[in-house]
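These notes concern the structure reproduced below.
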Amino acid sequence: MLSTKSKGKKVLKEKLQVTKEDAAKKTAAATKRKQEQRAREKAEKTELQKTEQELEAEINLLMRKFKYPVVVLNHLPSEIKDAVVANRHRMRTGKELKKRLEELYEVTKILSNWVFAHYPHEPKPTMMETTLLGHDECRSFGQKWLCEKALNMALSSHPLPALLGRVDDNIVSWPHLGEDETGTSLEAFQLHSQFSVMGDFNDVAKVIWGTYVNSTPQINIEIVDKIQDELVYFTVSYGPLKSKVLNLAGVFRLKHRIVITFTAIAYDERFPMIDGDARTHGFGWTILDEMGEGVTLCRQSQLLYTPVSKHRRLNLEQIGDLVHCQLRPGEPRENIIAKYQNMMETGNAMQRDLLIRPQFPIL
């Protein structure tokens, strides 16, 4: 019994060993077959890519022969042969010259930037620092273009109607500063304001338009050109300023909105500046939105550039003299900017409180 039992265990162990060997052989055979399959696929892929490249090269060769047929010079008449050779020479020379020109152009760009950075230069005129011509047709075209330019900027700044609700009075302004040979300079002055009026927006527009074109005891206005009923060019003589201002204003009526634009002109051939004159120039607008129930929202924006003389822009001391602002001994010259800013904000508030709102009393 004991010997029979031990013999059975030995036979079972031999069977298990044979099974593991067979499994290892099968695994090795499967691995080899997989490797051979991958090698065949890789070889086929390489062969197909090689065939594709050969076919593409042959197609390109045929296309070049079709587009640019080879000219056999020896088969051409002498006159045509000479012309073909000369043309080829000109093409090669032209390509060389074009390449050289592009190289010189890049060098010019680099040197021009270096010169611009290291040498003083006169600032470029702003888009509103323009000259109105004396010719009637050119003058009329320029005036209309300037008004439409200001209108487009106004609509771009406020494309959507105003939101309904309470609107508080607000004035925000700030200077744009730079530097010149005397130090700090005033590049431009920007102002934005908003307020509401208890009146129909058409009536409010009529009142504001009247402040533009009608004289008052403090402001003398003279109409120069009446391009349309609501598009005029006029001069303004204002107490705080020593020189006349040339203004262009227009009214544009849209659905539930009226836009009043103004452009201050720097140079005009019919009003040439003389030595000692100075003018402000810039642009702005007033947008009147109908809020309903007899309420109008007024939003004003202005951008005024540095005043200019006959030959150049004014520095801070000259701006102070223009607006009757004299510095005390030891006072910083930058205070002129603050006083100029205060004058602009005060003028805007006075227009609102003394000229517009009193025309629409709250009953």
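Going through the structure tokens in order, the chains are called A, B, and so on, while each chain numbers its residues from 1 and the ligands are numbered from 1 in the order shown.
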
Checklist entry - Could you pull out the helix (DSSP H, G or I) residues of region 38-180 of chain A from DSSP and send them as a ChimeraX atom specification? => result /A:38-67,73-75,78-118,136-157

Mind dumping the selected residues with C-alpha atoms as an mmCIF file, in the first residue's frame?
```
data_model
loop_
_atom_site.group_PDB
_atom_site.id
_atom_site.type_symbol
_atom_site.label_atom_id
_atom_site.label_comp_id
_atom_site.auth_asym_id
_atom_site.auth_seq_id
_atom_site.Cartn_x
_atom_site.Cartn_y
_atom_site.Cartn_z
ATOM 1 C CA ARG A 38 5.563 42.657 -36.765
ATOM 2 C CA ALA A 39 8.742 42.340 -38.848
ATOM 3 C CA ARG A 40 6.677 41.536 -41.956
ATOM 4 C CA GLU A 41 4.309 44.465 -41.304
ATOM 5 C CA LYS A 42 7.240 46.849 -40.766
ATOM 6 C CA ALA A 43 8.876 45.673 -43.975
ATOM 7 C CA GLU A 44 5.621 46.090 -45.891
ATOM 8 C CA LYS A 45 5.129 49.582 -44.463
ATOM 9 C CA THR A 46 8.684 50.583 -45.379
ATOM 10 C CA GLU A 47 8.211 49.246 -48.883
ATOM 11 C CA LEU A 48 4.916 51.101 -49.313
ATOM 12 C CA GLN A 49 6.454 54.383 -48.065
ATOM 13 C CA LYS A 50 9.355 53.947 -50.474
ATOM 14 C CA THR A 51 6.942 53.288 -53.342
ATOM 15 C CA GLU A 52 4.869 56.349 -52.346
ATOM 16 C CA GLN A 53 7.946 58.599 -52.355
ATOM 17 C CA GLU A 54 9.024 57.285 -55.758
ATOM 18 C CA LEU A 55 5.560 57.898 -57.202
ATOM 19 C CA GLU A 56 5.372 61.436 -55.736
ATOM 20 C CA ALA A 57 8.792 62.237 -57.150
ATOM 21 C CA GLU A 58 7.692 60.983 -60.544
ATOM 22 C CA ILE A 59 4.471 63.038 -60.369
ATOM 23 C CA ASN A 60 6.404 66.184 -59.412
ATOM 24 C CA LEU A 61 8.810 65.606 -62.290
ATOM 25 C CA LEU A 62 5.928 65.238 -64.728
ATOM 26 C CA MET A 63 4.221 68.362 -63.339
ATOM 27 C CA ARG A 64 7.424 70.384 -63.708
ATOM 28 C CA LYS A 65 7.796 69.224 -67.269
ATOM 29 C CA PHE A 66 4.183 70.177 -67.912
ATOM 30 C CA LYS A 67 4.369 73.623 -66.245
ATOM 31 C CA LEU A 73 18.396 76.001 -76.853
ATOM 32 C CA ASN A 74 20.267 74.223 -79.633
ATOM 33 C CA HIS A 75 16.974 73.569 -81.429
ATOM 34 C CA SER A 78 19.655 82.111 -82.987
ATOM 35 C CA GLU A 79 17.478 85.214 -82.371
ATOM 36 C CA ILE A 80 15.126 83.358 -80.012
ATOM 37 C CA LYS A 81 18.022 81.569 -78.329
ATOM 38 C CA ASP A 82 19.746 84.879 -77.549
ATOM 39 C CA ALA A 83 16.475 86.302 -76.168
ATOM 40 C CA VAL A 84 15.923 83.267 -73.903
ATOM 41 C CA VAL A 85 19.476 83.431 -72.561
ATOM 42 C CA ALA A 86 19.180 87.185 -71.901
ATOM 43 C CA ASN A 87 15.850 86.698 -70.133
ATOM 44 C CA ARG A 88 17.310 84.003 -67.891
ATOM 45 C CA HIS A 89 20.205 86.292 -67.022
ATOM 46 C CA ARG A 90 17.805 89.124 -66.137
ATOM 47 C CA MET A 91 15.743 86.804 -63.929
ATOM 48 C CA ARG A 92 18.827 85.667 -62.012
ATOM 49 C CA THR A 93 19.989 89.268 -61.624
ATOM 50 C CA GLY A 94 16.517 90.348 -60.514
ATOM 51 C CA LYS A 95 16.379 87.651 -57.830
ATOM 52 C CA GLU A 96 19.790 88.672 -56.519
ATOM 53 C CA LEU A 97 18.799 92.349 -56.427
ATOM 54 C CA LYS A 98 15.509 91.554 -54.685
ATOM 55 C CA LYS A 99 17.319 89.526 -52.032
ATOM 56 C CA ARG A 100 19.808 92.366 -51.514
ATOM 57 C CA LEU A 101 16.982 94.903 -51.294
ATOM 58 C CA GLU A 102 15.212 92.861 -48.619
ATOM 59 C CA GLU A 103 18.451 92.654 -46.621
ATOM 60 C CA LEU A 104 18.977 96.427 -46.849
ATOM 61 C CA TYR A 105 15.350 97.031 -45.869
ATOM 62 C CA GLU A 106 15.823 95.007 -42.670
ATOM 63 C CA VAL A 107 18.992 96.952 -41.879
ATOM 64 C CA THR A 108 17.129 100.224 -42.467
ATOM 65 C CA LYS A 109 14.387 99.179 -40.042
ATOM 66 C CA ILE A 110 16.935 98.398 -37.335
ATOM 67 C CA LEU A 111 18.847 101.648 -37.830
ATOM 68 C CA SER A 112 15.701 103.788 -38.023
ATOM 69 C CA ASN A 113 14.493 102.427 -34.675
ATOM 70 C CA TRP A 114 17.907 103.121 -33.159
ATOM 71 C CA VAL A 115 17.953 106.698 -34.509
ATOM 72 C CA PHE A 116 14.390 107.311 -33.325
ATOM 73 C CA ALA A 117 15.315 106.174 -29.817
ATOM 74 C CA HIS A 118 18.510 108.247 -29.513
ATOM 75 C CA ASP A 136 -14.991 125.337 -50.389
ATOM 76 C CA GLU A 137 -15.585 121.744 -51.470
ATOM 77 C CA CYS A 138 -12.545 120.343 -49.642
ATOM 78 C CA ARG A 139 -13.470 122.350 -46.569
ATOM 79 C CA SER A 140 -17.052 121.057 -46.527
ATOM 80 C CA PHE A 141 -15.889 117.467 -47.010
ATOM 81 C CA GLY A 142 -13.358 117.778 -44.166
ATOM 82 C CA GLN A 143 -15.925 119.263 -41.802
ATOM 83 C CA LYS A 144 -18.424 116.465 -42.454
ATOM 84 C CA TRP A 145 -15.705 113.832 -42.094
ATOM 85 C CA LEU A 146 -14.589 115.183 -38.709
ATOM 86 C CA CYS A 147 -18.161 115.213 -37.380
ATOM 87 C CA GLU A 148 -18.806 111.661 -38.561
ATOM 88 C CA LYS A 149 -15.481 110.575 -37.077
ATOM 89 C CA ALA A 150 -16.522 111.867 -33.648
ATOM 90 C CA LEU A 151 -19.962 110.246 -34.070
ATOM 91 C CA ASN A 152 -18.439 106.839 -34.821
ATOM 92 C CA MET A 153 -16.182 107.072 -31.779
ATOM 93 C CA ALA A 154 -19.146 108.026 -29.591
ATOM 94 C CA LEU A 155 -21.206 105.069 -30.778
ATOM 95 C CA SER A 156 -18.226 102.749 -30.326
ATOM 96 C CA SER A 157 -17.809 103.937 -26.736
#
```

Output as a JSON list (two decimals) with N, CA and C atoms, in the first residue's frame all residues of region 179-355 of chain A that backbone DSSP marks as strand (DSSP E or B).
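Just written: result00.json:
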```json
[["chain", "number", "residue", "atom", "x", "y", "z"],
["A", 179, "GLU", "N", 6.90, 114.02, -21.38],
["A", 179, "GLU", "CA", 8.09, 114.79, -21.08],
["A", 179, "GLU", "C", 8.55, 115.54, -22.32],
["A", 180, "ASP", "N", 9.07, 116.75, -22.10],
["A", 180, "ASP", "CA", 9.69, 117.52, -23.17],
["A", 180, "ASP", "C", 11.00, 118.08, -22.66],
["A", 183, "GLY", "N", 10.84, 119.37, -19.06],
["A", 183, "GLY", "CA", 10.41, 118.50, -17.97],
["A", 183, "GLY", "C", 9.06, 117.87, -18.26],
["A", 184, "THR", "N", 8.21, 117.85, -17.25],
["A", 184, "THR", "CA", 6.88, 117.25, -17.40],
["A", 184, "THR", "C", 6.05, 118.05, -18.40],
["A", 185, "SER", "N", 5.31, 117.34, -19.26],
["A", 185, "SER", "CA", 4.45, 118.00, -20.24],
["A", 185, "SER", "C", 3.05, 117.39, -20.17],
["A", 186, "LEU", "N", 2.09, 118.15, -20.66],
["A", 186, "LEU", "CA", 0.70, 117.69, -20.71],
["A", 186, "LEU", "C", 0.42, 117.23, -22.14],
["A", 187, "GLU", "N", 0.25, 115.92, -22.31],
["A", 187, "GLU", "CA", -0.03, 115.37, -23.64],
["A", 187, "GLU", "C", -1.49, 115.54, -24.03],
["A", 188, "ALA", "N", -2.39, 115.31, -23.09],
["A", 188, "ALA", "CA", -3.82, 115.42, -23.37],
["A", 188, "ALA", "C", -4.56, 115.47, -22.05],
["A", 189, "PHE", "N", -5.83, 115.85, -22.14],
["A", 189, "PHE", "CA", -6.69, 115.90, -20.95],
["A", 189, "PHE", "C", -8.01, 115.22, -21.30],
["A", 190, "GLN", "N", -8.44, 114.32, -20.44],
["A", 190, "GLN", "CA", -9.63, 113.52, -20.70],
["A", 190, "GLN", "C", -10.66, 113.75, -19.60],
["A", 191, "LEU", "N", -11.94, 113.88, -20.00],
["A", 191, "LEU", "CA", -13.02, 114.14, -19.05],
["A", 191, "LEU", "C", -14.25, 113.35, -19.46],
["A", 192, "HIS", "N", -14.92, 112.77, -18.45],
["A", 192, "HIS", "CA", -16.19, 112.06, -18.67],
["A", 192, "HIS", "C", -17.16, 112.48, -17.57],
["A", 193, "SER", "N", -18.41, 112.69, -17.95],
["A", 193, "SER", "CA", -19.41, 113.07, -16.96],
["A", 193, "SER", "C", -20.75, 112.45, -17.33],
["A", 194, "GLN", "N", -21.61, 112.32, -16.33],
["A", 194, "GLN", "CA", -22.97, 111.85, -16.58],
["A", 194, "GLN", "C", -23.91, 112.51, -15.58],
["A", 195, "PHE", "N", -25.12, 112.77, -16.02],
["A", 195, "PHE", "CA", -26.16, 113.33, -15.16],
["A", 195, "PHE", "C", -27.50, 113.11, -15.85],
["A", 196, "SER", "N", -28.56, 113.24, -15.11],
["A", 196, "SER", "CA", -29.90, 113.06, -15.65],
["A", 196, "SER", "C", -30.65, 114.39, -15.61],
["A", 197, "VAL", "N", -31.57, 114.55, -16.55],
["A", 197, "VAL", "CA", -32.39, 115.77, -16.65],
["A", 197, "VAL", "C", -33.85, 115.34, -16.75],
["A", 219, "ILE", "N", -19.49, 134.15, -22.91],
["A", 219, "ILE", "CA", -18.95, 133.47, -24.08],
["A", 219, "ILE", "C", -19.48, 134.14, -25.33],
["A", 220, "ASN", "N", -18.58, 134.50, -26.21],
["A", 220, "ASN", "CA", -18.97, 135.10, -27.49],
["A", 220, "ASN", "C", -18.77, 134.07, -28.60],
["A", 221, "ILE", "N", -19.86, 133.76, -29.33],
["A", 221, "ILE", "CA", -19.83, 132.74, -30.38],
["A", 221, "ILE", "C", -20.18, 133.39, -31.71],
["A", 222, "GLU", "N", -19.41, 133.08, -32.72],
["A", 222, "GLU", "CA", -19.64, 133.61, -34.06],
["A", 222, "GLU", "C", -19.66, 132.46, -35.07],
["A", 223, "ILE", "N", -20.79, 132.29, -35.77],
["A", 223, "ILE", "CA", -20.93, 131.22, -36.76],
["A", 223, "ILE", "C", -20.10, 131.58, -37.99],
["A", 224, "VAL", "N", -19.24, 130.65, -38.41],
["A", 224, "VAL", "CA", -18.37, 130.85, -39.58],
["A", 224, "VAL", "C", -18.95, 130.15, -40.79],
["A", 225, "ASP", "N", -19.23, 128.85, -40.68],
["A", 225, "ASP", "CA", -19.78, 128.04, -41.76],
["A", 225, "ASP", "C", -20.99, 127.28, -41.24],
["A", 226, "LYS", "N", -22.07, 127.35, -41.98],
["A", 226, "LYS", "CA", -23.26, 126.55, -41.66],
["A", 226, "LYS", "C", -23.38, 125.49, -42.75],
["A", 227, "ILE", "N", -22.81, 124.32, -42.47],
["A", 227, "ILE", "CA", -22.81, 123.25, -43.46],
["A", 227, "ILE", "C", -24.21, 122.69, -43.63],
["A", 228, "GLN", "N", -24.90, 122.45, -42.52],
["A", 228, "GLN", "CA", -26.29, 122.02, -42.50],
["A", 228, "GLN", "C", -26.98, 122.74, -41.35],
["A", 231, "LEU", "N", -25.26, 121.32, -38.31],
["A", 231, "LEU", "CA", -23.84, 121.06, -38.50],
["A", 231, "LEU", "C", -23.16, 122.39, -38.82],
["A", 232, "VAL", "N", -22.50, 122.99, -37.81],
["A", 232, "VAL", "CA", -21.96, 124.34, -37.97],
["A", 232, "VAL", "C", -20.51, 124.39, -37.50],
["A", 233, "TYR", "N", -19.82, 125.39, -38.04],
["A", 233, "TYR", "CA", -18.43, 125.67, -37.68],
["A", 233, "TYR", "C", -18.39, 127.08, -37.14],
["A", 234, "PHE", "N", -17.83, 127.28, -35.94],
["A", 234, "PHE", "CA", -17.93, 128.58, -35.29],
["A", 234, "PHE", "C", -16.70, 128.85, -34.44],
["A", 235, "THR", "N", -16.52, 130.12, -34.08],
["A", 235, "THR", "CA", -15.43, 130.52, -33.20],
["A", 235, "THR", "C", -16.00, 130.82, -31.82],
["A", 236, "VAL", "N", -15.18, 130.55, -30.80],
["A", 236, "VAL", "CA", -15.58, 130.77, -29.41],
["A", 236, "VAL", "C", -14.53, 131.64, -28.74],
["A", 237, "SER", "N", -14.98, 132.72, -28.14],
["A", 237, "SER", "CA", -14.10, 133.57, -27.33],
["A", 237, "SER", "C", -14.57, 133.44, -25.88],
["A", 238, "TYR", "N", -13.73, 132.85, -25.04],
["A", 238, "TYR", "CA", -14.11, 132.54, -23.66],
["A", 238, "TYR", "C", -13.15, 133.24, -22.73],
["A", 245, "VAL", "N", -11.21, 129.85, -29.92],
["A", 245, "VAL", "CA", -11.26, 128.41, -30.17],
["A", 245, "VAL", "C", -12.12, 128.19, -31.42],
["A", 246, "LEU", "N", -11.62, 127.35, -32.35],
["A", 246, "LEU", "CA", -12.37, 127.02, -33.55],
["A", 246, "LEU", "C", -13.06, 125.68, -33.33],
["A", 247, "ASN", "N", -14.39, 125.70, -33.31],
["A", 247, "ASN", "CA", -15.15, 124.50, -32.99],
["A", 247, "ASN", "C", -16.03, 124.08, -34.16],
["A", 248, "LEU", "N", -16.21, 122.79, -34.29],
["A", 248, "LEU", "CA", -17.10, 122.19, -35.28],
["A", 248, "LEU", "C", -18.07, 121.31, -34.51],
["A", 249, "ALA", "N", -19.37, 121.51, -34.66],
["A", 249, "ALA", "CA", -20.37, 120.77, -33.88],
["A", 249, "ALA", "C", -21.47, 120.28, -34.80],
["A", 250, "GLY", "N", -22.05, 119.13, -34.43],
["A", 250, "GLY", "CA", -23.14, 118.55, -35.22],
["A", 250, "GLY", "C", -24.08, 117.76, -34.34],
["A", 251, "VAL", "N", -25.33, 117.65, -34.80],
["A", 251, "VAL", "CA", -26.37, 116.88, -34.09],
["A", 251, "VAL", "C", -26.76, 115.70, -34.97],
["A", 252, "PHE", "N", -26.80, 114.51, -34.36],
["A", 252, "PHE", "CA", -27.17, 113.29, -35.08],
["A", 252, "PHE", "C", -28.30, 112.62, -34.30],
["A", 253, "ARG", "N", -29.44, 112.48, -34.95],
["A", 253, "ARG", "CA", -30.64, 111.95, -34.30],
["A", 253, "ARG", "C", -30.84, 110.49, -34.66],
["A", 254, "LEU", "N", -30.82, 109.64, -33.64],
["A", 254, "LEU", "CA", -31.03, 108.20, -33.80],
["A", 254, "LEU", "C", -32.30, 107.80, -33.06],
["A", 257, "ARG", "N", -32.20, 108.12, -29.15],
["A", 257, "ARG", "CA", -30.88, 108.63, -28.78],
["A", 257, "ARG", "C", -30.51, 109.79, -29.70],
["A", 258, "ILE", "N", -29.87, 110.79, -29.13],
["A", 258, "ILE", "CA", -29.33, 111.92, -29.89],
["A", 258, "ILE", "C", -27.87, 112.09, -29.49],
["A", 259, "VAL", "N", -27.02, 112.25, -30.48],
["A", 259, "VAL", "CA", -25.59, 112.45, -30.24],
["A", 259, "VAL", "C", -25.19, 113.82, -30.76],
["A", 260, "ILE", "N", -24.58, 114.62, -29.90],
["A", 260, "ILE", "CA", -24.07, 115.94, -30.27],
["A", 260, "ILE", "C", -22.54, 115.86, -30.21],
["A", 261, "THR", "N", -21.88, 116.11, -31.32],
["A", 261, "THR", "CA", -20.43, 116.01, -31.37],
["A", 261, "THR", "C", -19.81, 117.41, -31.47],
["A", 262, "PHE", "N", -18.57, 117.50, -31.02],
["A", 262, "PHE", "CA", -17.81, 118.74, -31.23],
["A", 262, "PHE", "C", -16.36, 118.37, -31.50],
["A", 263, "THR", "N", -15.73, 119.16, -32.33],
["A", 263, "THR", "CA", -14.31, 118.99, -32.65],
["A", 263, "THR", "C", -13.65, 120.37, -32.62],
["A", 264, "ALA", "N", -12.65, 120.50, -31.78],
["A", 264, "ALA", "CA", -11.88, 121.75, -31.74],
["A", 264, "ALA", "C", -10.75, 121.66, -32.75],
["A", 265, "ILE", "N", -10.67, 122.64, -33.65],
["A", 265, "ILE", "CA", -9.73, 122.62, -34.78],
["A", 265, "ILE", "C", -8.47, 123.40, -34.41],
["A", 267, "TYR", "N", -5.77, 124.04, -36.79],
["A", 267, "TYR", "CA", -5.28, 124.87, -37.89],
["A", 267, "TYR", "C", -6.36, 125.02, -38.95],
["A", 268, "ASP", "N", -6.49, 126.26, -39.44],
["A", 268, "ASP", "CA", -7.48, 126.57, -40.47],
["A", 268, "ASP", "C", -6.84, 127.59, -41.42],
["A", 278, "ALA", "N", -2.44, 130.87, -29.68],
["A", 278, "ALA", "CA", -2.45, 129.47, -29.26],
["A", 278, "ALA", "C", -3.89, 128.97, -29.29],
["A", 279, "ARG", "N", -4.06, 127.71, -29.64],
["A", 279, "ARG", "CA", -5.40, 127.13, -29.74],
["A", 279, "ARG", "C", -5.43, 125.75, -29.11],
["A", 280, "THR", "N", -6.55, 125.46, -28.46],
["A", 280, "THR", "CA", -6.80, 124.11, -27.98],
["A", 280, "THR", "C", -7.41, 123.30, -29.13],
["A", 281, "HIS", "N", -7.22, 122.01, -29.09],
["A", 281, "HIS", "CA", -7.81, 121.16, -30.12],
["A", 281, "HIS", "C", -8.08, 119.78, -29.52],
["A", 282, "GLY", "N", -9.10, 119.14, -30.05],
["A", 282, "GLY", "CA", -9.50, 117.83, -29.55],
["A", 282, "GLY", "C", -10.90, 117.51, -30.05],
["A", 283, "PHE", "N", -11.58, 116.62, -29.36],
["A", 283, "PHE", "CA", -12.92, 116.23, -29.79],
["A", 283, "PHE", "C", -13.71, 115.72, -28.58],
["A", 284, "GLY", "N", -14.99, 115.57, -28.78],
["A", 284, "GLY", "CA", -15.85, 115.07, -27.70],
["A", 284, "GLY", "C", -17.27, 114.90, -28.19],
["A", 285, "TRP", "N", -18.14, 114.47, -27.29],
["A", 285, "TRP", "CA", -19.54, 114.25, -27.65],
["A", 285, "TRP", "C", -20.42, 114.26, -26.41],
["A", 286, "THR", "N", -21.70, 114.46, -26.64],
["A", 286, "THR", "CA", -22.74, 114.34, -25.62],
["A", 286, "THR", "C", -23.78, 113.37, -26.14],
["A", 287, "ILE", "N", -24.01, 112.30, -25.40],
["A", 287, "ILE", "CA", -25.00, 111.29, -25.78],
["A", 287, "ILE", "C", -26.21, 111.46, -24.88],
["A", 288, "LEU", "N", -27.38, 111.65, -25.50],
["A", 288, "LEU", "CA", -28.64, 111.82, -24.77],
["A", 288, "LEU", "C", -29.50, 110.59, -25.03],
["A", 289, "ASP", "N", -29.76, 109.82, -23.98],
["A", 289, "ASP", "CA", -30.56, 108.61, -24.08],
["A", 289, "ASP", "C", -31.91, 108.82, -23.41],
["A", 290, "GLU", "N", -32.98, 108.41, -24.09],
["A", 290, "GLU", "CA", -34.33, 108.49, -23.55],
["A", 290, "GLU", "C", -34.52, 107.38, -22.51],
["A", 291, "MET", "N", -34.76, 107.78, -21.27],
["A", 291, "MET", "CA", -34.90, 106.82, -20.19],
["A", 291, "MET", "C", -36.36, 106.47, -19.90],
["A", 292, "GLY", "N", -37.29, 107.20, -20.51],
["A", 292, "GLY", "CA", -38.70, 106.97, -20.25],
["A", 292, "GLY", "C", -39.22, 107.88, -19.14],
["A", 295, "VAL", "N", -37.49, 111.41, -18.63],
["A", 295, "VAL", "CA", -36.15, 111.50, -18.05],
["A", 295, "VAL", "C", -35.12, 111.25, -19.15],
["A", 296, "THR", "N", -34.08, 112.08, -19.17],
["A", 296, "THR", "CA", -33.01, 111.95, -20.16],
["A", 296, "THR", "C", -31.68, 111.76, -19.45],
["A", 297, "LEU", "N", -30.94, 110.77, -19.89],
["A", 297, "LEU", "CA", -29.59, 110.55, -19.37],
["A", 297, "LEU", "C", -28.59, 111.24, -20.30],
["A", 298, "CYS", "N", -27.75, 112.08, -19.72],
["A", 298, "CYS", "CA", -26.72, 112.80, -20.48],
["A", 298, "CYS", "C", -25.35, 112.24, -20.10],
["A", 299, "ARG", "N", -24.60, 111.83, -21.12],
["A", 299, "ARG", "CA", -23.23, 111.35, -20.92],
["A", 299, "ARG", "C", -22.31, 112.12, -21.84],
["A", 300, "GLN", "N", -21.30, 112.75, -21.25],
["A", 300, "GLN", "CA", -20.38, 113.59, -22.00],
["A", 300, "GLN", "C", -18.96, 113.05, -21.90],
["A", 301, "SER", "N", -18.22, 113.15, -22.99],
["A", 301, "SER", "CA", -16.81, 112.75, -23.01],
["A", 301, "SER", "C", -16.03, 113.78, -23.82],
["A", 302, "GLN", "N", -14.82, 114.08, -23.35],
["A", 302, "GLN", "CA", -13.95, 115.03, -24.04],
["A", 302, "GLN", "C", -12.51, 114.52, -23.98],
["A", 303, "LEU", "N", -11.79, 114.73, -25.05],
["A", 303, "LEU", "CA", -10.34, 114.48, -25.09],
["A", 303, "LEU", "C", -9.70, 115.68, -25.76],
["A", 304, "LEU", "N", -9.01, 116.48, -24.97],
["A", 304, "LEU", "CA", -8.37, 117.69, -25.47],
["A", 304, "LEU", "C", -6.86, 117.50, -25.44],
["A", 305, "TYR", "N", -6.24, 117.73, -26.58],
["A", 305, "TYR", "CA", -4.79, 117.57, -26.68],
["A", 305, "TYR", "C", -4.08, 118.84, -26.22],
["A", 306, "THR", "N", -2.77, 118.76, -26.17],
["A", 306, "THR", "CA", -1.97, 119.91, -25.75],
["A", 306, "THR", "C", -2.23, 121.10, -26.68],
["A", 307, "PRO", "N", -2.53, 122.27, -26.14],
["A", 307, "PRO", "CA", -2.71, 123.44, -27.01],
["A", 307, "PRO", "C", -1.46, 123.68, -27.85],
["A", 308, "VAL", "N", -1.66, 124.22, -29.03],
["A", 308, "VAL", "CA", -0.56, 124.42, -29.97],
["A", 308, "VAL", "C", -0.47, 125.90, -30.34],
["A", 309, "SER", "N", 0.75, 126.30, -30.69],
["A", 309, "SER", "CA", 0.98, 127.64, -31.21],
["A", 309, "SER", "C", 1.19, 127.54, -32.72],
["A", 313, "ARG", "N", 3.86, 122.67, -29.98],
["A", 313, "ARG", "CA", 2.99, 122.50, -28.83],
["A", 313, "ARG", "C", 3.48, 123.34, -27.66]]
```

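Distance annotation: of A:Gly294, A:Pro272, A:Gly178, A:Gly320, the residue with the minimal separation from Ile362 (chain A) is A:Gly294; atom set is only C-alpha atoms.
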
Item to check | CA of Thr131 (chain A) to CA of His176 (chain A), distance in Å rounded to a single decimal | outcome: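 Atom-to-atom, CA of Thr131 (chain A) and CA of His176 (chain A) are spaced 23.5 Å apart.
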
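You will find CA of Lys244 (chain A) at 10.5 Å from CA of Ala266 (chain A).
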
Checklist entry - CA of Leu132 (chain A) and CA of Val207 (chain A) are how many Å apart? => result 28.2 Å

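The smallest atom-to-atom distance between Gln341 (chain A) and any of A:Phe201, A:Trp174, A:Leu327, A:Asp229, using only C-alpha atoms, is found for A:Trp174.
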
Checklist outcome for this item: Shortest contact to Glu334 (chain A), candidates A:Leu177, A:Gln35, A:Pro361, A:Lys20, atoms counted only C-alpha atoms, goes to A:Leu177
